[in-house]
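*Asks:* The structure is given below, and queries will be raised subsequently.
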Amino acid sequence: MGKQVLVIEDEPNIIEAISFILNRDGWSVATHANGETAAEAVLGQVPDVLILDVMLPGRSGFDILQELRGHEATQALPVLMLTARGQKKDRELADRLGVSRFMTKPFSNAEMLEAVRDLAGSPTS
């Protein structure tokens with residue numbers, strides 16, 4: 001079975017695009033759209049890679065990342081953070097909170113696939 005990725009994102013078109021790209025590459029993709037329950041979703045079944053949007057309903061991706069880094073099960077979880085605002089302060093905050101990689105929207109299919117493969121330590125087949 002392929003590796004697991006969890007996408008926490010509230011924009012349906014982005015969820016669909018990421019799911020399509022990763023499914024085609026053999027990933028098992030789960031999605032979640034609510035910031036308030038996102039950390040619970042991750043902790044309930046820790047994926048191999050987490051794709052986390054910054055702006056979510058109920059709670060920011062920064063808050064979720066900070067909570068996940070406080071749990072032993074998710075301290076080292078590879079996290080790719082997505083944002084529509086690629087401002088320096090956002091990147092710096094994400095780095096301080098322990099993000100693995102930061103990507104701005106829009107992104108290319110190849111860029112997304114390469115980032116997820118790198119984070120999972122997968123070969124770039």
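All residue names refer to the structure tokens as shown: chains lettered A, B, ... in order, residues numbered from 1 in each chain, ligands numbered from 1 in order.
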Just list as a list in words whatever in stretch 26-83 of chain A DSSP marks as strand (DSSP E).
*Replies:*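 Those residues are Ser28, Val29, Ala30, Thr31, His32, Val49, Leu50, Ile51, Leu52, Asp53, Val79, Leu80, Met81, Leu82 and Thr83 of chain A.
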*Asks:* Check which residues of stretch 41-124 of chain A sit at most 9 Å from stretch 12-31 of chain A using only C-alpha atoms, and return one row each with the closest pair of atoms and their distance in Å to one decimal, ordered by chain and rising number, as a tab-separated table.
*Replies:*
residue	atom	partner	partner_atom	distance
A:Pro47	CA	A:Ala30	CA	8.9
A:Asn109	CA	A:Ile21	CA	6.6
A:Ala110	CA	A:Ile21	CA	8.7
A:Met112	CA	A:Ile18	CA	7.6
A:Leu113	CA	A:Leu22	CA	6.8
A:Val116	CA	A:Leu22	CA	8.6
*Asks:* For all heavy atoms, I'd like the residues from the last selection saved as a tab-separated table (two decimals), in the first residue's frame.
*Replies:*
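Generated file (selection.tsv):
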chain	number	residue	atom	x	y	z
A	47	PRO	N	-0.36	10.59	9.51
A	47	PRO	CA	0.04	10.26	8.15
A	47	PRO	C	1.56	10.27	7.98
A	47	PRO	O	2.29	10.64	8.90
A	47	PRO	CB	-0.59	11.40	7.33
A	47	PRO	CG	-0.54	12.57	8.28
A	47	PRO	CD	-0.79	11.98	9.65
A	109	ASN	N	1.91	21.24	-10.40
A	109	ASN	CA	1.75	19.83	-10.04
A	109	ASN	C	3.10	19.20	-9.72
A	109	ASN	O	3.25	18.48	-8.74
A	109	ASN	CB	1.10	19.05	-11.19
A	109	ASN	CG	-0.35	19.43	-11.39
A	109	ASN	OD1	-0.89	20.26	-10.67
A	109	ASN	ND2	-0.97	18.83	-12.39
A	110	ALA	N	4.10	19.50	-10.55
A	110	ALA	CA	5.44	18.93	-10.35
A	110	ALA	C	6.04	19.40	-9.03
A	110	ALA	O	6.68	18.62	-8.32
A	110	ALA	CB	6.34	19.31	-11.52
A	112	MET	N	4.43	20.30	-6.27
A	112	MET	CA	3.74	19.62	-5.17
A	112	MET	C	4.23	18.19	-5.02
A	112	MET	O	4.55	17.73	-3.93
A	112	MET	CB	2.22	19.64	-5.42
A	112	MET	CG	1.41	18.83	-4.41
A	112	MET	SD	1.59	19.33	-2.69
A	112	MET	CE	0.84	20.96	-2.73
A	113	LEU	N	4.30	17.48	-6.13
A	113	LEU	CA	4.72	16.09	-6.11
A	113	LEU	C	6.16	15.96	-5.60
A	113	LEU	O	6.45	15.10	-4.75
A	113	LEU	CB	4.59	15.48	-7.51
A	113	LEU	CG	4.72	13.98	-7.61
A	113	LEU	CD1	3.76	13.26	-6.67
A	113	LEU	CD2	4.47	13.55	-9.05
A	116	VAL	N	6.25	16.59	-1.72
A	116	VAL	CA	5.72	15.49	-0.92
A	116	VAL	C	6.66	14.29	-0.95
A	116	VAL	O	6.94	13.67	0.08
A	116	VAL	CB	4.30	15.11	-1.38
A	116	VAL	CG1	3.81	13.84	-0.70
A	116	VAL	CG2	3.34	16.26	-1.10
*Asks:* Let's see if you can do this: from backbone DSSP, list all alpha helix (DSSP H) residues in chain A, as a ChimeraX atom specification.
*Replies:* /A:12-24,38-44,61-69,88-97,109-120
*Asks:* One decimal, Å: what's the distance from atom CA of A:Glu40 over to atom CA of A:Glu111, could you say?
*Replies:*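 Here the two named atoms are 28.0 Å from each other.
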*Asks:* Neighbouring residues of A:Thr83 were defined as those with any atom within 7 Å, considering only C-alpha atoms; residues of the same chain fewer than 6 positions away were excluded. Please report them as a list of chain:residue names.
*Replies:*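 Returned residues: A:Asp53, A:Val54, A:Met103, A:Thr104, A:Lys105.
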*Asks:* Keeping N, CA, C and O atoms, export the residues of the selection given above as a PDB file, in the first residue's frame.
*Replies:*
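Wrote it out as part-v1.pdb, contents follow:
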ATOM      1  N   ASP A  53      -2.845  23.909   5.238  1.00  0.00           N
ATOM      2  CA  ASP A  53      -3.097  25.278   4.790  1.00  0.00           C
ATOM      3  C   ASP A  53      -2.948  26.227   5.975  1.00  0.00           C
ATOM      4  O   ASP A  53      -3.234  25.860   7.119  1.00  0.00           O
ATOM      5  N   VAL A  54      -2.505  27.453   5.710  1.00  0.00           N
ATOM      6  CA  VAL A  54      -2.369  28.444   6.777  1.00  0.00           C
ATOM      7  C   VAL A  54      -3.729  28.974   7.207  1.00  0.00           C
ATOM      8  O   VAL A  54      -4.034  29.044   8.393  1.00  0.00           O
ATOM      9  N   MET A 103       5.159  26.360   1.006  1.00  0.00           N
ATOM     10  CA  MET A 103       4.870  26.521  -0.426  1.00  0.00           C
ATOM     11  C   MET A 103       3.736  27.518  -0.609  1.00  0.00           C
ATOM     12  O   MET A 103       2.751  27.466   0.126  1.00  0.00           O
ATOM     13  N   THR A 104       3.910  28.418  -1.570  1.00  0.00           N
ATOM     14  CA  THR A 104       2.851  29.388  -1.837  1.00  0.00           C
ATOM     15  C   THR A 104       1.942  28.887  -2.951  1.00  0.00           C
ATOM     16  O   THR A 104       2.360  28.139  -3.839  1.00  0.00           O
ATOM     17  N   LYS A 105       0.677  29.314  -2.866  1.00  0.00           N
ATOM     18  CA  LYS A 105      -0.298  29.032  -3.916  1.00  0.00           C
ATOM     19  C   LYS A 105      -0.247  30.207  -4.888  1.00  0.00           C
ATOM     20  O   LYS A 105      -0.095  31.338  -4.436  1.00  0.00           O
TER      21      LYS A 105
END
*Asks:* Show which residues sit within 10 Å of A:Gln66, as an mmCIF file with N, CA, C and O atoms, in the first residue's frame. Count only C-alpha atoms, and ignore same-chain residues fewer than 4 positions away.
*Replies:*
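The result, written out as part-v3.cif:
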data_model
loop_
_atom_site.group_PDB
_atom_site.id
_atom_site.type_symbol
_atom_site.label_atom_id
_atom_site.label_comp_id
_atom_site.auth_asym_id
_atom_site.auth_seq_id
_atom_site.Cartn_x
_atom_site.Cartn_y
_atom_site.Cartn_z
ATOM 1 N N ALA A 39 -6.138 19.103 14.317
ATOM 2 C CA ALA A 39 -5.119 18.411 15.116
ATOM 3 C C ALA A 39 -5.621 17.030 15.537
ATOM 4 O O ALA A 39 -4.869 16.050 15.489
ATOM 5 N N GLY A 61 -3.448 27.441 10.496
ATOM 6 C CA GLY A 61 -2.472 26.375 10.320
ATOM 7 C C GLY A 61 -1.287 26.528 11.252
ATOM 8 O O GLY A 61 -0.690 25.537 11.681
ATOM 9 N N PHE A 62 -0.934 27.779 11.577
ATOM 10 C CA PHE A 62 0.172 28.016 12.507
ATOM 11 C C PHE A 62 -0.151 27.437 13.884
ATOM 12 O O PHE A 62 0.681 26.785 14.513
ATOM 13 N N GLY A 70 3.939 19.794 19.677
ATOM 14 C CA GLY A 70 3.941 19.533 21.106
ATOM 15 C C GLY A 70 3.582 18.101 21.474
ATOM 16 O O GLY A 70 3.674 17.715 22.628
ATOM 17 N N HIS A 71 3.160 17.304 20.487
ATOM 18 C CA HIS A 71 2.810 15.902 20.726
ATOM 19 C C HIS A 71 3.951 15.003 20.267
ATOM 20 O O HIS A 71 4.489 15.189 19.174
ATOM 21 N N GLN A 75 5.867 15.146 16.566
ATOM 22 C CA GLN A 75 7.001 16.076 16.654
ATOM 23 C C GLN A 75 7.831 16.094 15.382
ATOM 24 O O GLN A 75 8.300 17.133 14.957
ATOM 25 N N ALA A 94 6.383 30.112 10.415
ATOM 26 C CA ALA A 94 6.292 28.680 10.128
ATOM 27 C C ALA A 94 7.599 27.978 10.478
ATOM 28 O O ALA A 94 7.592 26.899 11.083
ATOM 29 N N ARG A 96 9.837 28.952 12.702
ATOM 30 C CA ARG A 96 9.963 28.923 14.172
ATOM 31 C C ARG A 96 9.111 27.815 14.785
ATOM 32 O O ARG A 96 9.472 27.231 15.796
ATOM 33 N N LEU A 97 7.965 27.551 14.181
ATOM 34 C CA LEU A 97 7.050 26.543 14.716
ATOM 35 C C LEU A 97 7.425 25.124 14.282
ATOM 36 O O LEU A 97 6.814 24.165 14.742
ATOM 37 N N GLY A 98 8.396 24.998 13.377
ATOM 38 C CA GLY A 98 8.873 23.670 13.010
ATOM 39 C C GLY A 98 8.341 23.106 11.709
ATOM 40 O O GLY A 98 8.290 21.888 11.538
ATOM 41 N N VAL A 99 7.950 23.966 10.772
ATOM 42 C CA VAL A 99 7.470 23.468 9.482
ATOM 43 C C VAL A 99 8.625 22.796 8.736
ATOM 44 O O VAL A 99 9.796 23.174 8.898
#
*Asks:* Looking at only C-alpha atoms, which of A:Val79, A:Ala73, A:Val7, A:Leu93 is the one that sits closest to A:Gly44?
*Replies:*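 Among the listed residues, the smallest separation from A:Gly44 belongs to A:Ala73.
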*Asks:* For a test of reading the model, state the distance in Å between atom CA of A:Leu52 and atom CA of A:Ala33, rounded to one decimal.
*Replies:* 9.9 Å
*Asks:* So that I can check the surroundings of A:Leu56, please list as a JSON list (two decimals) with N, CA, C and O atoms, in the first residue's frame every protein, DNA and RNA residue that reaches within 12 Å of it, counting only C-alpha atoms and ignoring chain neighbours fewer than 3 positions away.
*Replies:*
[["chain", "number", "residue", "atom", "x", "y", "z"],
["A", 7, "VAL", "N", -4.36, 15.96, 3.81],
["A", 7, "VAL", "CA", -4.45, 17.32, 3.31],
["A", 7, "VAL", "C", -5.47, 18.07, 4.15],
["A", 7, "VAL", "O", -6.65, 17.71, 4.17],
["A", 8, "ILE", "N", -5.01, 19.10, 4.87],
["A", 8, "ILE", "CA", -5.91, 19.94, 5.65],
["A", 8, "ILE", "C", -6.01, 21.26, 4.91],
["A", 8, "ILE", "O", -5.11, 22.09, 4.94],
["A", 9, "GLU", "N", -7.12, 21.42, 4.20],
["A", 9, "GLU", "CA", -7.34, 22.53, 3.28],
["A", 9, "GLU", "C", -8.84, 22.73, 3.14],
["A", 9, "GLU", "O", -9.58, 21.76, 3.15],
["A", 10, "ASP", "N", -9.29, 23.99, 3.03],
["A", 10, "ASP", "CA", -10.73, 24.24, 2.94],
["A", 10, "ASP", "C", -11.20, 24.65, 1.54],
["A", 10, "ASP", "O", -12.39, 24.84, 1.34],
["A", 11, "GLU", "N", -10.30, 24.76, 0.57],
["A", 11, "GLU", "CA", -10.71, 25.13, -0.78],
["A", 11, "GLU", "C", -10.87, 23.86, -1.62],
["A", 11, "GLU", "O", -9.88, 23.18, -1.91],
["A", 32, "HIS", "N", -9.24, 16.91, 5.17],
["A", 32, "HIS", "CA", -9.94, 17.48, 6.32],
["A", 32, "HIS", "C", -10.02, 18.98, 6.07],
["A", 32, "HIS", "O", -9.05, 19.57, 5.59],
["A", 33, "ALA", "N", -11.14, 19.62, 6.38],
["A", 33, "ALA", "CA", -11.30, 21.03, 6.03],
["A", 33, "ALA", "C", -11.55, 21.96, 7.22],
["A", 33, "ALA", "O", -11.68, 23.16, 7.03],
["A", 34, "ASN", "N", -11.62, 21.43, 8.43],
["A", 34, "ASN", "CA", -11.98, 22.25, 9.58],
["A", 34, "ASN", "C", -10.76, 22.46, 10.49],
["A", 34, "ASN", "O", -10.19, 21.51, 11.01],
["A", 35, "GLY", "N", -10.38, 23.72, 10.66],
["A", 35, "GLY", "CA", -9.23, 24.03, 11.50],
["A", 35, "GLY", "C", -9.41, 23.63, 12.95],
["A", 35, "GLY", "O", -8.45, 23.24, 13.62],
["A", 36, "GLU", "N", -10.63, 23.73, 13.46],
["A", 36, "GLU", "CA", -10.88, 23.44, 14.88],
["A", 36, "GLU", "C", -10.60, 21.98, 15.23],
["A", 36, "GLU", "O", -10.17, 21.69, 16.34],
["A", 37, "THR", "N", -10.85, 21.07, 14.29],
["A", 37, "THR", "CA", -10.68, 19.64, 14.58],
["A", 37, "THR", "C", -9.50, 19.02, 13.83],
["A", 37, "THR", "O", -9.32, 17.81, 13.83],
["A", 38, "ALA", "N", -8.68, 19.86, 13.20],
["A", 38, "ALA", "CA", -7.58, 19.37, 12.37],
["A", 38, "ALA", "C", -6.54, 18.59, 13.17],
["A", 38, "ALA", "O", -6.10, 17.52, 12.74],
["A", 52, "LEU", "N", -0.70, 21.21, 5.08],
["A", 52, "LEU", "CA", -1.48, 22.05, 5.98],
["A", 52, "LEU", "C", -1.61, 23.47, 5.44],
["A", 52, "LEU", "O", -0.61, 24.15, 5.23],
["A", 53, "ASP", "N", -2.85, 23.91, 5.24],
["A", 53, "ASP", "CA", -3.10, 25.28, 4.79],
["A", 53, "ASP", "C", -2.95, 26.23, 5.98],
["A", 53, "ASP", "O", -3.23, 25.86, 7.12],
["A", 59, "ARG", "N", -9.45, 27.87, 12.96],
["A", 59, "ARG", "CA", -8.11, 27.87, 13.58],
["A", 59, "ARG", "C", -7.06, 27.96, 12.49],
["A", 59, "ARG", "O", -7.20, 27.34, 11.44],
["A", 60, "SER", "N", -5.99, 28.67, 12.75],
["A", 60, "SER", "CA", -4.96, 28.83, 11.71],
["A", 60, "SER", "C", -4.05, 27.61, 11.65],
["A", 60, "SER", "O", -3.87, 26.88, 12.63],
["A", 61, "GLY", "N", -3.45, 27.44, 10.50],
["A", 61, "GLY", "CA", -2.47, 26.37, 10.32],
["A", 61, "GLY", "C", -1.29, 26.53, 11.25],
["A", 61, "GLY", "O", -0.69, 25.54, 11.68],
["A", 62, "PHE", "N", -0.93, 27.78, 11.58],
["A", 62, "PHE", "CA", 0.17, 28.02, 12.51],
["A", 62, "PHE", "C", -0.15, 27.44, 13.88],
["A", 62, "PHE", "O", 0.68, 26.79, 14.51],
["A", 63, "ASP", "N", -1.38, 27.67, 14.36],
["A", 63, "ASP", "CA", -1.80, 27.13, 15.66],
["A", 63, "ASP", "C", -1.80, 25.60, 15.65],
["A", 63, "ASP", "O", -1.39, 24.95, 16.61],
["A", 64, "ILE", "N", -2.28, 25.03, 14.55],
["A", 64, "ILE", "CA", -2.33, 23.57, 14.43],
["A", 64, "ILE", "C", -0.92, 23.00, 14.43],
["A", 64, "ILE", "O", -0.64, 22.02, 15.13],
["A", 81, "MET", "N", 3.48, 23.29, 4.51],
["A", 81, "MET", "CA", 2.50, 24.34, 4.77],
["A", 81, "MET", "C", 2.22, 25.12, 3.50],
["A", 81, "MET", "O", 3.15, 25.52, 2.79],
["A", 82, "LEU", "N", 0.94, 25.32, 3.20],
["A", 82, "LEU", "CA", 0.50, 26.06, 2.02],
["A", 82, "LEU", "C", -0.08, 27.40, 2.43],
["A", 82, "LEU", "O", -0.79, 27.49, 3.42],
["A", 83, "THR", "N", 0.20, 28.42, 1.63],
["A", 83, "THR", "CA", -0.41, 29.71, 1.88],
["A", 83, "THR", "C", -0.58, 30.49, 0.58],
["A", 83, "THR", "O", 0.21, 30.33, -0.34],
["A", 84, "ALA", "N", -1.61, 31.30, 0.54],
["A", 84, "ALA", "CA", -1.80, 32.21, -0.59],
["A", 84, "ALA", "C", -0.96, 33.46, -0.41],
["A", 84, "ALA", "O", -0.72, 34.20, -1.34]]
*Asks:* When distances are computed from only C-alpha atoms, which of A:Asp90, A:Pro57, A:Val49, A:Pro106 shows the smallest separation from A:Asp118?
*Replies:*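 Once distances to A:Asp118 are computed over only C-alpha atoms, the minimum belongs to A:Val49.
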*Asks:* Quick one: everything within 9 Å of A:Thr74, counting only C-alpha atoms, minus sequence neighbours fewer than 5 positions away in the same chain. Send it as a PyMOL selection string.
*Replies:* chain A and resi 42-43+46+68-69
*Asks:* To one decimal place in Å, what is the distance between atom CA of A:Ser100 and atom CA of A:Leu77?
*Replies:* 8.4 Å
